[in-house]
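Engineer: run-v9.txt is reproduced below (compact mmCIF, C-alpha atoms).
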```
# COMPACT_ATOMS: atom_id res chain seq x y z
CA MET O 1230 32.23 -56.10 -7.07
CA ASN O 1231 31.43 -59.64 -5.99
CA SER O 1232 32.96 -61.17 -9.10
CA MET O 1233 36.11 -59.18 -8.43
CA LEU O 1234 36.22 -60.38 -4.83
CA ASP O 1235 35.59 -63.98 -5.90
CA ARG O 1236 38.50 -63.83 -8.33
CA LEU O 1237 40.80 -62.16 -5.82
CA ALA O 1238 39.71 -64.56 -3.07
CA GLN O 1239 41.05 -67.46 -5.13
CA GLU O 1240 44.27 -65.75 -6.14
CA PHE O 1241 45.15 -64.12 -2.83
CA HIS O 1242 43.40 -66.35 -0.27
CA ILE O 1243 41.24 -63.51 0.99
CA THR O 1244 39.26 -64.34 4.12
CA ASP O 1245 36.62 -62.57 6.23
CA VAL O 1246 34.83 -60.71 3.43
CA VAL O 1247 32.25 -58.59 5.25
CA GLU O 1248 30.06 -55.91 3.72
CA ARG O 1249 29.76 -53.41 6.57
CA ARG O 1250 27.36 -51.16 4.67
CA PRO O 1251 26.66 -50.49 1.00
CA GLY O 1252 29.92 -49.18 -0.38
CA LEU O 1253 32.20 -50.38 2.44
CA THR O 1254 33.64 -53.88 2.47
CA THR O 1255 36.39 -55.25 4.68
CA ILE O 1256 38.65 -58.13 3.68
CA SER O 1257 41.57 -59.85 5.40
CA VAL O 1258 44.67 -61.04 3.65
CA ASP O 1259 47.90 -62.74 4.54
CA LYS O 1260 50.91 -60.52 5.31
CA ASP O 1261 53.06 -61.87 2.45
CA LEU O 1262 50.40 -61.31 -0.21
CA ALA O 1263 49.16 -57.95 1.06
CA GLU O 1264 51.40 -55.67 -0.99
CA THR O 1265 50.73 -57.57 -4.22
CA LEU O 1266 46.98 -57.48 -3.54
CA ILE O 1267 47.01 -53.74 -2.89
CA ARG O 1268 49.05 -53.18 -6.05
CA GLU O 1269 46.54 -55.29 -8.02
CA LEU O 1270 43.62 -53.34 -6.55
CA ARG O 1271 45.24 -50.04 -7.44
CA ASP O 1272 46.38 -50.89 -10.97
CA ARG O 1273 43.65 -53.24 -12.24
CA GLU O 1274 40.55 -52.65 -10.16
CA GLY O 1275 40.54 -48.86 -9.93
CA TYR O 1276 41.10 -48.47 -6.19
CA THR O 1277 43.35 -45.51 -6.90
CA HIS O 1278 42.97 -43.56 -3.66
CA LEU O 1279 44.52 -44.43 -0.31
CA ASN O 1280 42.17 -42.89 2.26
CA PHE O 1281 44.40 -43.71 5.19
CA MET O 1282 46.31 -46.50 6.82
CA THR O 1283 46.40 -47.20 10.52
CA ALA O 1284 46.88 -49.99 13.01
CA ILE O 1285 44.68 -51.73 15.60
CA ASP O 1286 46.42 -53.14 18.64
CA GLN O 1287 45.05 -56.66 19.28
CA ILE O 1288 47.05 -57.23 22.44
CA GLU O 1289 44.89 -60.25 23.38
CA HIS O 1290 45.99 -62.09 20.23
CA GLY O 1291 49.55 -60.77 20.14
CA MET O 1292 48.81 -59.08 16.81
CA PHE O 1293 48.62 -55.71 15.16
CA THR O 1294 45.94 -55.40 12.49
CA LEU O 1295 47.05 -52.97 9.80
CA VAL O 1296 44.16 -51.28 8.01
CA TYR O 1297 44.57 -50.01 4.45
CA MET O 1298 41.50 -48.05 3.40
CA LEU O 1299 41.26 -47.85 -0.42
CA HIS O 1300 38.68 -46.01 -2.48
CA ASN O 1301 37.36 -46.50 -6.00
CA TYR O 1302 35.94 -43.26 -7.39
CA GLU O 1303 34.11 -44.87 -10.33
CA ARG O 1304 32.25 -47.50 -8.32
CA LYS O 1305 32.05 -45.22 -5.27
CA SER O 1306 33.16 -48.13 -3.19
CA THR O 1307 35.61 -48.33 -0.30
CA LEU O 1308 37.62 -51.42 0.44
CA SER O 1309 39.32 -51.91 3.76
CA VAL O 1310 42.21 -54.37 3.60
CA HIS O 1311 43.12 -55.84 7.00
CA VAL O 1312 46.52 -57.44 7.50
CA ASP O 1313 47.51 -59.20 10.71
CA ILE O 1314 51.17 -58.92 11.70
CA GLU O 1315 53.06 -60.16 14.74
CA ARG O 1316 53.16 -57.76 17.66
CA GLU O 1317 56.74 -58.60 18.66
CA GLU O 1318 59.30 -57.13 16.26
CA ALA O 1319 56.39 -55.77 14.22
CA GLU O 1320 57.39 -55.24 10.59
CA MET O 1321 55.54 -54.81 7.31
CA THR O 1322 56.34 -54.24 3.65
CA SER O 1323 56.37 -50.54 2.82
CA ILE O 1324 53.83 -49.29 0.28
CA HIS O 1325 55.43 -45.89 -0.29
CA THR O 1326 56.20 -47.00 -3.86
CA LEU O 1327 52.44 -47.25 -4.50
CA TRP O 1328 51.39 -43.97 -2.90
CA ALA O 1329 54.00 -41.38 -2.04
CA GLN O 1330 51.92 -40.11 0.89
CA ALA O 1331 52.06 -43.52 2.55
CA TRP O 1332 55.47 -42.80 4.04
CA THR O 1333 53.93 -40.18 6.31
CA TYR O 1334 51.48 -42.74 7.65
CA GLN O 1335 54.29 -45.24 8.04
CA ARG O 1336 56.38 -42.73 9.92
CA GLU O 1337 53.45 -42.17 12.27
CA LEU O 1338 52.93 -45.92 12.71
CA ARG O 1339 56.62 -46.35 13.54
CA GLU O 1340 56.46 -43.64 16.17
CA LEU O 1341 53.09 -44.32 17.82
CA TRP O 1342 52.88 -48.13 17.50
CA GLY O 1343 56.49 -49.14 16.92
CA ILE O 1344 55.84 -50.90 13.60
CA ARG O 1345 58.80 -50.89 11.22
CA PHE O 1346 58.56 -50.45 7.46
CA PRO O 1347 62.01 -51.18 5.98
CA GLY O 1348 62.90 -48.87 3.11
CA SER O 1349 60.30 -46.21 3.90
CA PRO O 1350 61.82 -42.71 3.64
CA ARG O 1351 62.60 -40.73 6.81
CA LEU O 1352 61.09 -43.50 8.91
CA ASP O 1353 63.13 -42.84 12.03
CA GLU O 1354 62.70 -39.08 12.17
CA ASP O 1355 60.56 -37.66 14.96
CA PHE O 1356 57.00 -36.99 13.90
CA CYS O 1357 54.76 -35.61 16.66
CA LEU O 1358 56.78 -36.76 19.65
CA GLU O 1359 60.24 -35.29 20.00
CA GLY O 1360 62.82 -37.23 21.96
CA TRP O 1361 60.37 -39.90 23.10
CA GLU O 1362 62.05 -42.41 25.40
CA ASP O 1363 59.19 -44.57 26.60
CA ILE O 1364 57.39 -47.40 24.77
CA PRO O 1365 55.27 -46.18 21.83
CA PRO O 1366 52.22 -44.48 23.36
CA MET O 1367 49.50 -46.03 21.22
CA ARG O 1368 50.45 -49.57 22.31
CA ARG O 1369 47.85 -50.72 24.75
CA GLU O 1370 50.29 -51.73 27.48
CA PHE O 1371 51.34 -48.06 27.73
CA ASP O 1372 49.67 -46.59 30.83
CA THR O 1373 48.85 -42.99 29.89
CA VAL O 1374 47.62 -41.83 33.31
CA GLU O 1375 50.63 -43.29 35.10
CA PHE O 1376 52.97 -41.65 32.55
CA CYS O 1377 51.20 -38.31 33.04
CA GLU O 1378 51.49 -38.41 36.79
CA ARG O 1379 55.15 -39.34 36.53
CA THR O 1380 56.03 -36.65 33.96
CA PHE O 1381 53.78 -33.62 34.45
CA VAL O 1382 52.97 -31.68 37.61
CA SER O 1383 49.28 -31.40 38.36
CA ARG O 1384 47.53 -28.62 40.23
CA ASP O 1385 45.58 -29.30 43.40
CA GLY O 1386 41.86 -28.83 43.30
CA ARG O 1387 40.88 -31.18 40.52
CA HIS O 1388 38.79 -34.09 41.68
CA THR O 1389 36.33 -36.35 39.91
CA GLU O 1390 33.16 -37.98 41.11
CA ASP O 1391 32.09 -41.44 40.11
CA PRO O 1392 28.54 -40.63 38.93
CA ARG O 1393 27.09 -43.79 40.45
CA GLU O 1394 28.58 -43.21 43.91
CA HIS O 1395 27.81 -39.49 43.79
CA MET O 1396 24.14 -40.23 43.13
CA HIS O 1397 24.03 -42.76 45.95
CA GLU O 1398 25.77 -40.62 48.52
CA VAL O 1399 24.78 -37.06 47.69
CA MET O 1400 21.78 -36.89 45.43
CA PHE O 1401 19.62 -39.82 46.59
CA PRO O 1402 21.02 -40.94 49.97
CA THR O 1403 17.73 -42.43 51.16
CA ARG O 1404 17.33 -44.79 48.23
CA GLY O 1405 19.59 -47.72 49.05
CA GLY O 1406 20.44 -50.74 46.97
CA ASP O 1407 22.63 -51.31 44.00
CA ASN O 1408 19.88 -50.91 41.45
CA MET B 446 85.74 -18.01 20.71
CA ILE B 447 84.54 -14.92 22.55
CA LYS B 448 85.21 -15.29 26.24
CA SER B 449 82.77 -13.80 28.65
CA LEU B 450 84.47 -10.86 30.35
CA SER B 451 82.32 -10.83 33.45
CA THR B 452 83.00 -13.09 36.39
CA GLU B 453 79.38 -14.21 36.67
CA ALA B 454 78.44 -17.81 36.15
CA THR B 455 77.67 -18.65 32.55
CA LEU B 456 75.39 -21.23 31.01
CA GLU B 457 76.71 -24.56 29.84
CA ASN B 458 74.66 -24.88 26.62
CA ALA B 459 75.25 -28.61 26.89
CA GLY B 460 72.59 -29.40 24.29
CA LEU B 461 74.63 -27.82 21.50
CA SER B 462 77.55 -29.28 19.60
CA PRO B 463 80.96 -27.61 20.25
CA GLU B 464 80.84 -25.80 16.88
CA GLU B 465 77.35 -24.44 17.57
CA ARG B 466 78.24 -23.48 21.11
CA GLU B 467 80.55 -20.75 19.82
CA LEU B 468 77.70 -19.15 17.90
CA PHE B 469 75.38 -18.60 20.85
CA CYS B 470 75.51 -16.38 23.88
CA ASN B 471 76.05 -18.14 27.19
CA ALA B 472 75.18 -15.28 29.54
CA ARG B 473 72.42 -15.67 32.08
CA PRO B 474 69.34 -13.45 31.79
CA LYS B 475 69.34 -10.20 33.76
CA ALA B 476 66.51 -8.84 35.87
CA TYR B 477 64.78 -5.60 34.89
CA GLU B 478 65.79 -2.63 37.00
CA PRO B 479 63.04 -0.03 37.36
CA TYR B 480 63.88 3.65 36.92
CA PRO B 481 65.07 5.18 40.20
CA ILE B 482 62.46 7.94 40.10
CA LYS B 483 59.00 6.52 40.69
CA ALA B 484 57.22 9.05 38.47
CA VAL B 485 59.40 8.07 35.53
CA GLU B 486 58.75 4.38 36.11
CA ASP B 487 55.00 5.05 36.36
CA PHE B 488 55.11 6.97 33.10
CA ALA B 489 57.02 4.09 31.45
CA ASN B 490 54.43 1.63 32.74
CA TRP B 491 51.63 3.81 31.37
CA CYS B 492 53.34 3.77 27.99
CA ARG B 493 53.83 0.00 28.10
CA ALA B 494 50.20 -0.60 29.07
CA ASN B 495 48.98 1.42 26.10
CA SER B 496 51.06 -0.31 23.46
CA LEU B 497 50.53 -4.03 23.98
CA TRP B 498 51.92 -5.88 21.01
CA ILE B 499 50.82 -9.47 20.72
CA LEU B 500 53.11 -12.11 19.28
CA ALA B 501 51.52 -13.81 16.29
CA PHE B 502 52.02 -17.35 17.54
CA GLY B 503 48.89 -19.45 17.71
CA THR B 504 49.77 -22.24 20.09
CA GLY B 505 46.45 -24.03 20.41
CA CYS B 506 42.76 -23.87 19.65
CA GLY B 507 42.56 -20.49 21.44
CA ALA B 508 44.45 -18.87 18.59
CA ILE B 509 41.14 -18.84 16.72
CA GLU B 510 39.90 -16.19 19.19
CA LEU B 511 42.68 -13.81 18.19
CA ARG B 512 41.27 -13.32 14.66
CA PRO B 513 37.93 -11.78 15.71
CA LEU B 514 39.81 -9.89 18.42
CA MET B 515 41.85 -8.00 15.85
CA THR B 516 39.12 -7.49 13.21
CA ALA B 517 36.07 -5.24 12.96
CA ARG B 518 33.75 -6.69 15.58
CA PHE B 519 35.97 -6.55 18.65
CA ASP B 520 38.71 -4.29 17.29
CA ALA B 521 41.41 -4.62 19.92
CA ASN B 522 43.22 -1.66 18.36
CA ARG B 523 40.96 0.52 20.50
CA PHE B 524 43.05 -0.62 23.46
CA GLY B 525 46.40 -0.09 21.80
CA VAL B 526 46.70 -3.79 21.07
CA ALA B 527 48.36 -4.81 17.82
CA GLY B 528 49.78 -7.98 16.38
CA ARG B 529 53.48 -8.32 15.66
CA PRO B 530 55.12 -10.94 13.50
CA THR B 531 58.21 -11.79 15.53
CA PRO B 532 59.08 -12.30 19.21
CA ARG B 533 61.68 -9.53 19.02
CA GLN B 534 59.00 -6.89 18.48
CA SER B 535 56.23 -8.08 20.76
CA SER B 536 55.52 -7.63 24.44
CA VAL B 537 52.50 -9.89 25.07
CA PHE B 538 52.53 -13.64 24.55
CA ILE B 539 49.06 -15.19 24.50
CA ILE B 540 49.23 -18.95 25.03
CA GLY B 541 46.09 -20.05 23.23
CA GLY B 542 45.09 -23.13 25.15
CA TYR B 543 46.71 -26.54 25.42
CA SER B 544 50.37 -26.94 24.66
CA SER B 545 52.00 -30.17 23.59
CA VAL B 546 55.58 -30.86 24.58
CA LYS B 547 56.68 -30.16 21.03
CA THR B 548 54.96 -26.76 21.16
CA LEU B 549 56.32 -26.04 24.62
CA LYS B 550 59.82 -26.11 23.19
CA ARG B 551 58.83 -23.40 20.70
CA ILE B 552 57.01 -21.46 23.41
CA VAL B 553 60.10 -21.38 25.62
CA ARG B 554 62.25 -20.34 22.70
CA SER B 555 59.87 -17.56 21.63
CA TYR B 556 59.33 -16.35 25.18
CA GLU B 557 63.05 -16.03 25.82
CA GLN B 558 63.57 -14.19 22.55
CA MET B 559 61.01 -11.54 23.45
CA GLN B 560 62.48 -8.29 24.70
CA GLY B 561 61.52 -7.20 28.18
CA PRO B 562 59.25 -6.03 29.65
CA LYS B 563 57.15 -8.95 28.52
CA PHE B 564 53.86 -10.35 29.72
CA VAL B 565 52.22 -13.76 29.34
CA ILE B 566 48.48 -14.38 29.17
CA ALA B 567 47.34 -18.00 29.45
CA LEU B 568 44.06 -18.46 27.64
CA GLY B 569 41.65 -21.26 28.47
CA ILE B 570 41.60 -23.94 31.14
CA CYS B 571 44.36 -26.15 29.68
CA PRO B 572 47.35 -24.03 30.83
CA VAL B 573 45.80 -23.88 34.32
CA ASN B 574 45.50 -27.58 35.13
CA GLY B 575 45.47 -29.52 31.89
CA GLY B 576 41.76 -29.18 31.22
CA MET B 577 40.40 -31.95 29.08
CA TYR B 578 43.96 -33.06 28.35
CA TRP B 579 44.65 -33.92 31.99
CA ASP B 580 45.63 -37.49 31.06
CA SER B 581 47.30 -36.86 27.71
CA TYR B 582 50.80 -38.25 27.31
CA ASN B 583 51.93 -35.34 25.19
CA THR B 584 50.27 -32.26 26.72
CA ILE B 585 51.64 -30.34 29.69
CA LYS B 586 49.29 -29.70 32.57
CA ARG B 587 50.54 -26.50 34.21
CA LEU B 588 52.11 -23.79 32.12
CA ASP B 589 53.43 -21.89 35.14
CA GLN B 590 55.92 -24.70 35.72
CA TYR B 591 57.72 -23.80 32.50
CA ILE B 592 57.28 -20.07 31.91
CA PRO B 593 55.90 -17.40 34.28
CA VAL B 594 52.27 -16.46 33.67
CA ASP B 595 50.97 -12.97 34.51
CA LEU B 596 47.27 -13.47 33.84
CA TYR B 597 44.97 -16.44 33.38
CA ILE B 598 41.75 -16.20 31.38
CA THR B 599 39.90 -19.41 32.01
CA GLY B 600 37.12 -21.05 30.05
CA CYS B 601 36.90 -23.45 27.15
CA MET B 602 37.15 -21.49 24.95
CA PRO B 603 36.93 -17.93 26.32
CA ARG B 604 35.06 -15.64 23.95
CA PRO B 605 36.83 -12.54 22.57
CA GLU B 606 34.87 -10.36 25.01
CA VAL B 607 36.62 -12.12 27.88
CA LEU B 608 39.94 -11.72 26.14
CA VAL B 609 39.30 -7.98 25.83
CA GLY B 610 38.40 -7.96 29.53
CA GLY B 611 41.64 -9.78 30.29
CA LEU B 612 43.67 -7.28 28.28
CA VAL B 613 42.05 -4.41 30.19
CA GLU B 614 42.91 -6.19 33.42
CA LEU B 615 46.48 -6.67 32.21
CA LYS B 616 46.73 -2.96 31.50
CA LYS B 617 45.63 -2.17 35.05
CA MET B 618 48.22 -4.58 36.41
CA ILE B 619 50.99 -3.11 34.26
CA LYS B 620 50.11 0.43 35.31
CA ALA B 621 50.23 -0.66 38.94
CA GLY B 622 53.63 -2.27 38.31
CA GLN B 623 52.41 -5.75 39.29
CA CYS B 624 53.49 -7.70 36.20
CA ASP B 625 56.84 -9.06 37.28
CA GLY B 626 56.72 -12.35 35.39
CA ALA B 627 59.95 -11.73 33.49
CA ASN B 628 61.78 -10.96 36.74
CA ARG B 629 60.42 -14.10 38.37
CA TYR B 630 61.78 -16.01 35.39
CA VAL B 631 65.22 -14.53 35.95
CA GLU B 632 65.19 -15.13 39.71
CA ASN B 633 64.04 -18.75 39.43
CA PHE B 634 65.85 -19.39 36.18
CA ASP B 635 67.41 -22.71 37.27
CA TRP B 636 64.09 -24.03 38.56
CA TYR B 637 62.29 -23.16 35.32
CA LYS B 638 65.13 -24.62 33.26
CA ALA B 639 65.11 -27.89 35.22
CA ASN B 640 61.33 -28.21 34.73
CA GLN B 641 61.62 -27.50 31.03
CA LYS B 642 64.40 -30.00 30.52
CA ARG B 643 62.49 -32.68 32.40
CA VAL B 644 59.78 -32.79 29.72
CA ILE B 645 61.69 -31.57 26.63
CA LYS B 646 63.98 -34.54 26.11
CA ASN B 647 65.74 -33.46 22.90
CA TRP B 648 67.16 -30.18 24.16
CA ASN B 649 69.16 -29.10 21.12
CA MET B 650 69.04 -25.34 21.65
CA PRO B 651 70.91 -22.87 23.87
CA ASP B 652 69.93 -22.81 27.54
CA TYR B 653 68.86 -19.19 27.19
CA ASN B 654 67.66 -18.27 23.70
CA TRP B 655 68.78 -14.71 23.49
```
Written as structure tokens, how would this file's structure read?

Structural biologist:
Amino acid sequence: MNSMLDRLAQEFHITDVVERRPGLTTISVDKDLAETLIRELRDREGYTHLNFMTAIDQIEHGMFTLVYMLHNYERKSTLSVHVDIEREEAEMTSIHTLWAQAWTYQRELRELWGIRFPGSPRLDEDFCLEGWEDIPPMRREFDTVEFCERTFVSRDGRHTEDPREHMHEVMFPTRGGDN
Amino acid sequence: MIKSLSTEATLENAGLSPEERELFCNARPKAYEPYPIKAVEDFANWCRANSLWILAFGTGCGAIELRPLMTARFDANRFGVAGRPTPRQSSVFIIGGYSSVKTLKRIVRSYEQMQGPKFVIALGICPVNGGMYWDSYNTIKRLDQYIPVDLYITGCMPRPEVLVGGLVELKKMIKAGQCDGANRYVENFDWYKANQKRVIKNWNMPDYNW
């Protein structure tokens, strides 16, 4: 495992190798080398199974982190490949040629995060949202509550209590102080 | 193209292409007229109440409660309740919990295809006020904005006993002639349609799915 990572680290400039727990390691790789690395892992190193792929919105850094979770059945080891891509005009190489099921994930990523994968089949078809007109809902600048109030009609009678204030005012009114 | 012979206003069916528009009916829905003799209408209501046929359309997590309802333990057949495969044959539509916008489109379509008299039971808290999905971008909060609801059974999730209780309650309401949901839909058709079209953005079906 470590010898493999050492070799790949030199060839593919892998950074941030972290062993999260026995059997799960995360690595980061540059966007341009990501597809070649994943192909190498699948064909030479036995990481034949794509568990899932998803995205993390790093709005503070102006980045999306794409996560490719790969599994090796013989070594019982999972490798999570992280790829940072630009948030504006987000685009990534499609891996549907490696795993046919990847195009479903890529279709979901296009719809919910707005990341494009040129060449991926049926990329622009609706997936779970039909006729969505707003910004992609999993982007962190999308305000879900505001969208809900604007779109759906709510029924009177629902109210929420802040637990802290409720305890101060109703349950323990005599005990003052913030702590 | 078949021209409508009546002078009543017809539906635009603006969501369809011109070729498709010729294939669908553009008449507005008609309200149910009860029999002129009250005894006959009461007898018809008694018959309707004792043959409730549920549409086999599981729209949310509540659909899981319909399986034990129909099988040995709760055996809803005792109450004249049976499952039917298509909207054309069924008279009760159980909305099993939350409904996403994508599902709402299918709910509207199935509800309109059901033959009257038809009744809607909303199961769980989500059709009442959104429930735990009150801030979800893709889940409607109030079902009664989009189709008329005759009976709510609240809870998360209601057990099959409660569902049986709700069906008994529905039977009482039908026998008393109080279930006028389908007529409310006809009377406020434009209001319902405007609400539906506000959330269903890709309206590519007829305005009234008959």

Engineer: Please return, as a ChimeraX atom specification, all residues of chain B lying within 9 Å of chain O when all atoms listed in the file are considered.

Structural biologist: /B:546-547,573-575,579-587,590,643-648

Engineer: Take the point (74.3, -15.8, 31.8) in the file's coordinates, draw a sphere of radius 6 Å around it, and report as a ChimeraX atom specification every protein, DNA or RNA residue with an atom inside or on it, counting all atoms listed in the file.

Structural biologist: /B:455-456,471-474

Engineer: Would you save the residues from that selection as a CSV table (one decimal), keeping the file's coordinate frame, using C-alpha atoms?

Structural biologist:
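Generated file (again-v3.csv):
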```
chain,number,residue,atom,x,y,z
B,455,THR,CA,77.7,-18.6,32.6
B,456,LEU,CA,75.4,-21.2,31.0
B,471,ASN,CA,76.0,-18.1,27.2
B,472,ALA,CA,75.2,-15.3,29.5
B,473,ARG,CA,72.4,-15.7,32.1
B,474,PRO,CA,69.3,-13.4,31.8
```

Engineer: What is the atom CA of B:Thr548-atom CA of O:Glu1354 distance in Å, reported with one decimal?

Structural biologist: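 Interatomic distance here is 17.1 Å.
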
Engineer: Just the number, please: distance in Å from atom CA of O:Val1258 to atom CA of O:Ile1243, one decimal.

Structural biologist: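 Result for atom CA of O:Val1258 versus atom CA of O:Ile1243: 5.0 Å, one decimal.
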
Engineer: May I have the protein, DNA and RNA residues with any atom at most 9 Å from the point (42.0, -50.7, 0.5), counting only C-alpha atoms, written as a short mmCIF file (atom, residue, chain, number, x, y, z; two decimals) with C-alpha atoms, in the frame of the given file?

Structural biologist:
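Output below, filename result03.cif:
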```
data_model
loop_
_atom_site.label_atom_id
_atom_site.label_comp_id
_atom_site.auth_asym_id
_atom_site.auth_seq_id
_atom_site.Cartn_x
_atom_site.Cartn_y
_atom_site.Cartn_z
CA THR O 1255 36.39 -55.25 4.68
CA ILE O 1256 38.65 -58.13 3.68
CA ILE O 1267 47.01 -53.74 -2.89
CA LEU O 1270 43.62 -53.34 -6.55
CA ARG O 1271 45.24 -50.04 -7.44
CA TYR O 1276 41.10 -48.47 -6.19
CA HIS O 1278 42.97 -43.56 -3.66
CA LEU O 1279 44.52 -44.43 -0.31
CA ASN O 1280 42.17 -42.89 2.26
CA PHE O 1281 44.40 -43.71 5.19
CA MET O 1282 46.31 -46.50 6.82
CA VAL O 1296 44.16 -51.28 8.01
CA TYR O 1297 44.57 -50.01 4.45
CA MET O 1298 41.50 -48.05 3.40
CA LEU O 1299 41.26 -47.85 -0.42
CA HIS O 1300 38.68 -46.01 -2.48
CA THR O 1307 35.61 -48.33 -0.30
CA LEU O 1308 37.62 -51.42 0.44
CA SER O 1309 39.32 -51.91 3.76
CA VAL O 1310 42.21 -54.37 3.60
CA HIS O 1311 43.12 -55.84 7.00
#
```

Engineer: Would you work out the distance separating atom CA of B:Met515 from atom CA of B:Gln558, expressed in Å to one decimal?

Structural biologist: 23.6 Å

Engineer: Have a look at O:Pro1365, O:Pro1392, O:Gly1291, O:Gly1252 and name the one nearest to O:Ile1344; count all atoms listed in the file.

Structural biologist: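 When distances to O:Ile1344 are compared using all atoms listed in the file, the smallest one comes from O:Pro1365.
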
Engineer: If we count all atoms listed in the file, what is near B:Ser544 at a cut-off of 8 Å, once residues fewer than 5 positions away on the same chain are taken out, given as number ranges by chain?

Structural biologist: B: 504-505, 549, 571-572, 584-585
